[in-house]
Amino acid sequence: LEGCLQALAAQTLSRSRFEVIVSDDGSRVPLRDALASVLRALADRLTVHVISQDNSGPATARNRGAGAASGRYLAFTDDDCRPEPDWLERLLRHFAMRPEALVGGGLRTTEGSDRYARATQAIMDFVYSEQERRDGLRVFSTSNLALPAAGFERLGGFSSTFRRAAGEDYDLCARWFGGGGELAYAPDAVVAHDHALTLGTYWLQHFTYGRGLLQVRQ
C-alpha cells in the first residue's frame, strides 16, 4: 500500500484536482496507525483519507470509499498496484471525450513480476484484446477502472453479494452495460499490477475468479 500511495503522490495531475481514499476492510492492525509515518511523509504531496470497516468484502469496502469521495469521477485501483505518473491525466482525457463512460485502463506487470503474475497478465491481455474485436459488453478489473460518481451511485455501486475479490467488478460492468451505459477501453492509462503468486495461490486466484464469473452469470 505504501508503494501505491507513493505512485499516486507522483501523479502529474495537480494535487488540488484529486483526493485519495484508502478503504480498510477489517485489517487486524488499524490501518490509520500502520500508515501514520507514511501519511506524514506524503502530507505535502497527497491528500489521503483512511476509512475503516469490519471485514465485509472488497465490494462493500469500495462502496464505502466511493461514498466518502467528493469528486465528479471515481478511479479505482488496488494496494498491490502502481499507477503510472500520468494515469489520472490520461483518464481525464478519455472522460473529456466520453464524459459518461465507464473506462477500463491498461494493466501491466512490473520488471520483477514472477511467472505466475505474468501468466495472469497474459490472460488479462487476451481478454481485453478480444473484447476490442467485437461490439457489446466489456468487462474491466477494479485494478484500473474509472467512472462518473453520479452513475456509480445510480447503479447502487458494487453488489455486496460478492464477498470475495472476484466478479464484483465484472458484475458492475454488466449492470452498467445493461442499463445502457457506455464502456470504453483506455490502454494508455496504465497501472502496473504486481501480485506476487506461487503455483498454489495462482491456482486459487483463478479458481476464485471462475467462481466469481459464475456468480455474475447466475
# chains A, B, ... in the order shown; residues from 1 in each chain; ligands from 1
call {"tool": "residues_around", "arguments": {"residues": "range 117-126 of chain A", "least_positions_apart": "4", "cutoff": "10 Å", "atoms": "only C-alpha atoms", "output": "ChimeraX atom specification"}}
result
/A:106-113,130-131,140-141,193-198,202,205-206
call {"tool": "select_by_dssp", "arguments": {"residues": "range 14-179 of chain A", "states": "strand (DSSP E)", "output": "ChimeraX atom specification"}}
result
/A:20-25,48-53,73-76,81-83,102-108,145-148
call {"tool": "closest_residue", "arguments": {"among": "A:Asp25, A:Asp86, A:Asp188, A:Asp114", "to": "Thr60 in chain A", "atoms": "only C-alpha atoms"}}
result
A:Asp25
call {"tool": "residues_around", "arguments": {"residues": "Ser23 in chain A", "least_positions_apart": "3", "cutoff": "10 Å", "atoms": "only C-alpha atoms", "output": "JSON list (two decimals) with C-alpha atoms, in the first residue's frame"}}
result
[["chain", "number", "residue", "atom", "x", "y", "z"],
["A", 20, "VAL", "CA", -7.09, 9.51, -2.33],
["A", 26, "GLY", "CA", -11.04, -5.03, 8.57],
["A", 31, "LEU", "CA", -4.56, 0.90, 9.03],
["A", 49, "HIS", "CA", -8.39, 9.89, 3.83],
["A", 50, "VAL", "CA", -8.45, 6.48, 5.54],
["A", 51, "ILE", "CA", -11.81, 4.90, 6.30],
["A", 52, "SER", "CA", -12.32, 1.54, 8.01],
["A", 53, "GLN", "CA", -14.97, -1.12, 8.32],
["A", 58, "PRO", "CA", -13.98, -5.61, -1.23],
["A", 60, "THR", "CA", -18.62, -3.15, 0.35],
["A", 61, "ALA", "CA", -15.26, -1.53, 1.12],
["A", 62, "ARG", "CA", -15.13, 0.13, -2.30],
["A", 63, "ASN", "CA", -18.69, 1.38, -1.88],
["A", 64, "ARG", "CA", -17.76, 2.99, 1.42],
["A", 65, "GLY", "CA", -14.77, 4.62, -0.20],
["A", 66, "ALA", "CA", -16.88, 5.90, -3.08],
["A", 68, "ALA", "CA", -16.74, 9.33, 1.05]]
call {"tool": "atom_distance", "arguments": {"atom1": "CA of Ala9 in chain A", "atom2": "CA of Leu42 in chain A"}}
result
7.1 Å
call {"tool": "residues_around", "arguments": {"residues": "Gly71 in chain A", "least_positions_apart": "6", "cutoff": "8 Å", "atoms": "only C-alpha atoms", "output": "ChimeraX atom specification"}}
result
/A:18-19,149
call {"tool": "residues_around", "arguments": {"residues": "Ser16 in chain A", "least_positions_apart": "4", "cutoff": "12 Å", "atoms": "only C-alpha atoms", "output": "PyMOL selection string"}}
result
chain A and resi 9+11-12+20+44-48+71
call {"tool": "closest_residue", "arguments": {"among": "A:Gly57, A:Pro83, A:Gly180, A:Gly104", "to": "Ala146 in chain A", "atoms": "only C-alpha atoms"}}
result
A:Gly104
call {"tool": "residues_around", "arguments": {"residues": "Gly178 in chain A", "least_positions_apart": "5", "cutoff": "12 Å", "atoms": "only C-alpha atoms", "output": "NGL selection string"}}
result
:A and (136-138 or 155 or 171-173 or 183)
call {"tool": "select_by_dssp", "arguments": {"residues": "range 17-142 of chain A", "states": "helix (DSSP H, G or I)", "output": "CSV table (one decimal) with C-alpha atoms, in the first residue's frame"}}
result
chain,number,residue,atom,x,y,z
A,17,ARG,CA,-7.6,18.1,-8.5
A,31,LEU,CA,-4.6,0.9,9.0
A,32,ARG,CA,-4.6,4.5,10.1
A,33,ASP,CA,-2.0,3.7,12.8
A,34,ALA,CA,0.1,1.5,10.5
A,36,ALA,CA,0.8,7.1,10.2
A,37,SER,CA,4.5,7.7,9.3
A,38,VAL,CA,3.8,7.2,5.6
A,39,LEU,CA,1.0,9.7,5.6
A,40,ARG,CA,3.1,12.2,7.4
A,41,ALA,CA,5.8,11.9,4.8
A,42,LEU,CA,3.4,12.3,1.9
A,58,PRO,CA,-14.0,-5.6,-1.2
A,59,ALA,CA,-17.3,-4.7,-2.9
A,60,THR,CA,-18.6,-3.2,0.3
A,61,ALA,CA,-15.3,-1.5,1.1
A,62,ARG,CA,-15.1,0.1,-2.3
A,63,ASN,CA,-18.7,1.4,-1.9
A,64,ARG,CA,-17.8,3.0,1.4
A,65,GLY,CA,-14.8,4.6,-0.2
A,66,ALA,CA,-16.9,5.9,-3.1
A,67,GLY,CA,-19.4,7.3,-0.6
A,87,TRP,CA,-2.6,7.7,-15.0
A,88,LEU,CA,-5.2,10.2,-13.8
A,89,GLU,CA,-4.4,12.8,-16.5
A,90,ARG,CA,-4.9,10.2,-19.2
A,91,LEU,CA,-8.2,9.0,-17.6
A,92,LEU,CA,-9.4,12.6,-17.7
A,93,ARG,CA,-8.6,12.9,-21.4
A,94,HIS,CA,-10.8,10.0,-22.1
A,95,PHE,CA,-13.6,11.5,-19.9
A,96,ALA,CA,-13.2,14.7,-21.9
A,97,MET,CA,-14.3,12.7,-25.0
A,115,ARG,CA,6.0,-16.2,-13.8
A,116,TYR,CA,2.5,-16.6,-12.3
A,117,ALA,CA,1.8,-12.9,-12.2
A,118,ARG,CA,3.0,-12.7,-15.9
A,119,ALA,CA,0.7,-15.7,-16.8
A,120,THR,CA,-2.3,-13.9,-15.2
A,121,GLN,CA,-1.4,-10.7,-17.1
A,122,ALA,CA,-1.3,-12.7,-20.4
A,123,ILE,CA,-4.8,-13.9,-19.7
A,124,MET,CA,-6.0,-10.4,-19.0
A,125,ASP,CA,-4.3,-9.1,-22.2
A,126,PHE,CA,-6.1,-11.8,-24.2
A,127,VAL,CA,-9.5,-11.0,-22.6
A,128,TYR,CA,-9.1,-7.2,-23.1
A,129,SER,CA,-7.9,-7.7,-26.7
A,130,GLU,CA,-10.7,-10.0,-27.6
A,131,GLN,CA,-13.3,-7.5,-26.2
A,132,GLU,CA,-12.0,-4.8,-28.6
call {"tool": "residues_around", "arguments": {"residues": "range 73-82 of chain A", "least_positions_apart": "3", "cutoff": "8 Å", "atoms": "only C-alpha atoms", "output": "list of chain:residue names"}}
result
A:Leu1, A:Gly3, A:Cys4, A:Ala7, A:Leu8, A:Ala66, A:Ala69, A:Thr142, A:Ser143, A:Asn144, A:Leu145, A:Ala146, A:Leu147, A:Pro148, A:Ala149, A:Val191, A:Ala192, A:His193, A:Asp194, A:His195
call {"tool": "write_last_selection", "arguments": {"atoms": "C-alpha atoms", "output": "tab-separated table (two decimals), in the first residue's frame"}}
result
chain	number	residue	atom	x	y	z
A	1	LEU	CA	0.00	0.00	0.00
A	3	GLY	CA	4.17	1.82	-2.81
A	4	CYS	CA	0.72	2.51	-4.24
A	7	ALA	CA	2.84	6.23	-7.05
A	8	LEU	CA	-0.26	8.35	-6.51
A	66	ALA	CA	-16.88	5.90	-3.08
A	69	ALA	CA	-15.47	10.77	-2.24
A	142	THR	CA	-11.03	-2.78	-10.47
A	143	SER	CA	-7.23	-2.73	-10.55
A	144	ASN	CA	-7.82	0.07	-13.09
A	145	LEU	CA	-11.40	1.21	-13.52
A	146	ALA	CA	-12.99	4.68	-13.53
A	147	LEU	CA	-16.49	6.05	-13.98
A	148	PRO	CA	-18.73	9.04	-13.17
A	149	ALA	CA	-19.60	9.16	-9.48
A	191	VAL	CA	-1.46	0.68	-13.84
A	192	ALA	CA	1.32	-1.77	-13.01
A	193	HIS	CA	-0.10	-4.74	-11.08
A	194	ASP	CA	2.47	-6.80	-9.19
A	195	HIS	CA	0.51	-9.56	-7.48
call {"tool": "atom_distance", "arguments": {"atom1": "CA of Tyr170 in chain A", "atom2": "CA of Gly212 in chain A"}}
result
8.7 Å
call {"tool": "atom_distance", "arguments": {"atom1": "CA of Arg154 in chain A", "atom2": "CA of Leu213 in chain A"}}
result
23.1 Å
call {"tool": "decode", "arguments": {"residues": "range 7-117 of chain A", "atoms": "C-alpha atoms", "output": "short mmCIF file (atom, residue, chain, number, x, y, z; two decimals), in the first residue's frame"}}
result
data_model
loop_
_atom_site.label_atom_id
_atom_site.label_comp_id
_atom_site.auth_asym_id
_atom_site.auth_seq_id
_atom_site.Cartn_x
_atom_site.Cartn_y
_atom_site.Cartn_z
CA ALA A 7 2.84 6.23 -7.05
CA LEU A 8 -0.26 8.35 -6.51
CA ALA A 9 1.85 11.10 -4.94
CA ALA A 10 3.89 11.15 -8.16
CA GLN A 11 0.87 11.86 -10.39
CA THR A 12 1.32 14.63 -12.94
CA LEU A 13 -2.21 15.82 -12.22
CA SER A 14 -2.23 18.69 -9.74
CA ARG A 15 -2.75 17.59 -6.14
CA SER A 16 -5.66 20.05 -5.86
CA ARG A 17 -7.60 18.12 -8.50
CA PHE A 18 -7.84 14.71 -6.82
CA GLU A 19 -8.08 13.01 -3.44
CA VAL A 20 -7.09 9.51 -2.33
CA ILE A 21 -9.38 7.40 -0.17
CA VAL A 22 -7.97 4.23 1.38
CA SER A 23 -10.76 1.84 2.34
CA ASP A 24 -9.64 -0.60 5.03
CA ASP A 25 -11.64 -3.84 5.02
CA GLY A 26 -11.04 -5.03 8.57
CA SER A 27 -7.24 -5.03 8.96
CA ARG A 28 -6.04 -6.68 12.19
CA VAL A 29 -3.87 -3.63 12.88
CA PRO A 30 -5.73 -0.32 12.41
CA LEU A 31 -4.56 0.90 9.03
CA ARG A 32 -4.58 4.53 10.11
CA ASP A 33 -1.98 3.67 12.76
CA ALA A 34 0.10 1.45 10.48
CA LEU A 35 0.25 4.18 7.82
CA ALA A 36 0.84 7.11 10.17
CA SER A 37 4.50 7.69 9.29
CA VAL A 38 3.84 7.17 5.57
CA LEU A 39 0.97 9.67 5.56
CA ARG A 40 3.07 12.23 7.38
CA ALA A 41 5.84 11.87 4.80
CA LEU A 42 3.37 12.32 1.93
CA ALA A 43 1.29 15.07 3.53
CA ASP A 44 2.69 17.85 1.34
CA ARG A 45 2.13 15.87 -1.88
CA LEU A 46 -1.07 13.91 -1.38
CA THR A 47 -4.49 14.33 0.22
CA VAL A 48 -5.35 10.96 1.82
CA HIS A 49 -8.39 9.89 3.83
CA VAL A 50 -8.45 6.48 5.54
CA ILE A 51 -11.81 4.90 6.30
CA SER A 52 -12.32 1.54 8.01
CA GLN A 53 -14.97 -1.12 8.32
CA ASP A 54 -15.32 -4.58 9.80
CA ASN A 55 -14.31 -7.21 7.26
CA SER A 56 -17.20 -7.31 4.77
CA GLY A 57 -15.50 -7.86 1.43
CA PRO A 58 -13.98 -5.61 -1.23
CA ALA A 59 -17.28 -4.66 -2.87
CA THR A 60 -18.62 -3.15 0.35
CA ALA A 61 -15.26 -1.53 1.12
CA ARG A 62 -15.13 0.13 -2.30
CA ASN A 63 -18.69 1.38 -1.88
CA ARG A 64 -17.76 2.99 1.42
CA GLY A 65 -14.77 4.62 -0.20
CA ALA A 66 -16.88 5.90 -3.08
CA GLY A 67 -19.45 7.26 -0.61
CA ALA A 68 -16.74 9.33 1.05
CA ALA A 69 -15.47 10.77 -2.24
CA SER A 70 -16.25 14.30 -3.35
CA GLY A 71 -15.06 14.22 -6.98
CA ARG A 72 -17.03 14.04 -10.22
CA TYR A 73 -15.24 10.82 -11.18
CA LEU A 74 -14.18 7.74 -9.23
CA ALA A 75 -10.97 5.90 -10.15
CA PHE A 76 -10.39 2.51 -8.52
CA THR A 77 -7.12 0.66 -8.03
CA ASP A 78 -5.72 -1.84 -5.51
CA ASP A 79 -3.00 -1.80 -2.87
CA ASP A 80 -0.69 -4.04 -4.92
CA CYS A 81 -0.90 -1.67 -7.90
CA ARG A 82 1.39 1.14 -9.02
CA PRO A 83 -0.36 3.68 -11.29
CA GLU A 84 1.87 5.32 -13.88
CA PRO A 85 2.55 9.04 -13.21
CA ASP A 86 0.15 10.19 -15.96
CA TRP A 87 -2.60 7.71 -15.04
CA LEU A 88 -5.17 10.24 -13.81
CA GLU A 89 -4.39 12.77 -16.52
CA ARG A 90 -4.94 10.18 -19.21
CA LEU A 91 -8.21 9.02 -17.65
CA LEU A 92 -9.42 12.63 -17.66
CA ARG A 93 -8.56 12.93 -21.36
CA HIS A 94 -10.80 9.96 -22.07
CA PHE A 95 -13.58 11.46 -19.95
CA ALA A 96 -13.23 14.72 -21.90
CA MET A 97 -14.26 12.74 -24.99
CA ARG A 98 -16.71 10.37 -23.26
CA PRO A 99 -17.84 12.05 -20.04
CA GLU A 100 -20.48 9.44 -19.18
CA ALA A 101 -18.49 6.28 -19.92
CA LEU A 102 -17.18 3.59 -17.61
CA VAL A 103 -13.48 3.38 -18.51
CA GLY A 104 -11.13 0.45 -18.03
CA GLY A 105 -7.43 1.28 -18.15
CA GLY A 106 -4.41 -0.73 -19.20
CA LEU A 107 -2.72 -3.26 -16.90
CA ARG A 108 0.94 -4.28 -16.92
CA THR A 109 3.25 -6.40 -14.82
CA THR A 110 6.45 -4.97 -13.36
CA GLU A 111 10.02 -5.98 -14.21
CA GLY A 112 10.21 -8.03 -11.02
CA SER A 113 6.92 -9.89 -11.51
CA ASP A 114 7.07 -13.67 -11.13
CA ARG A 115 5.98 -16.17 -13.80
CA TYR A 116 2.54 -16.63 -12.27
CA ALA A 117 1.82 -12.89 -12.25
#
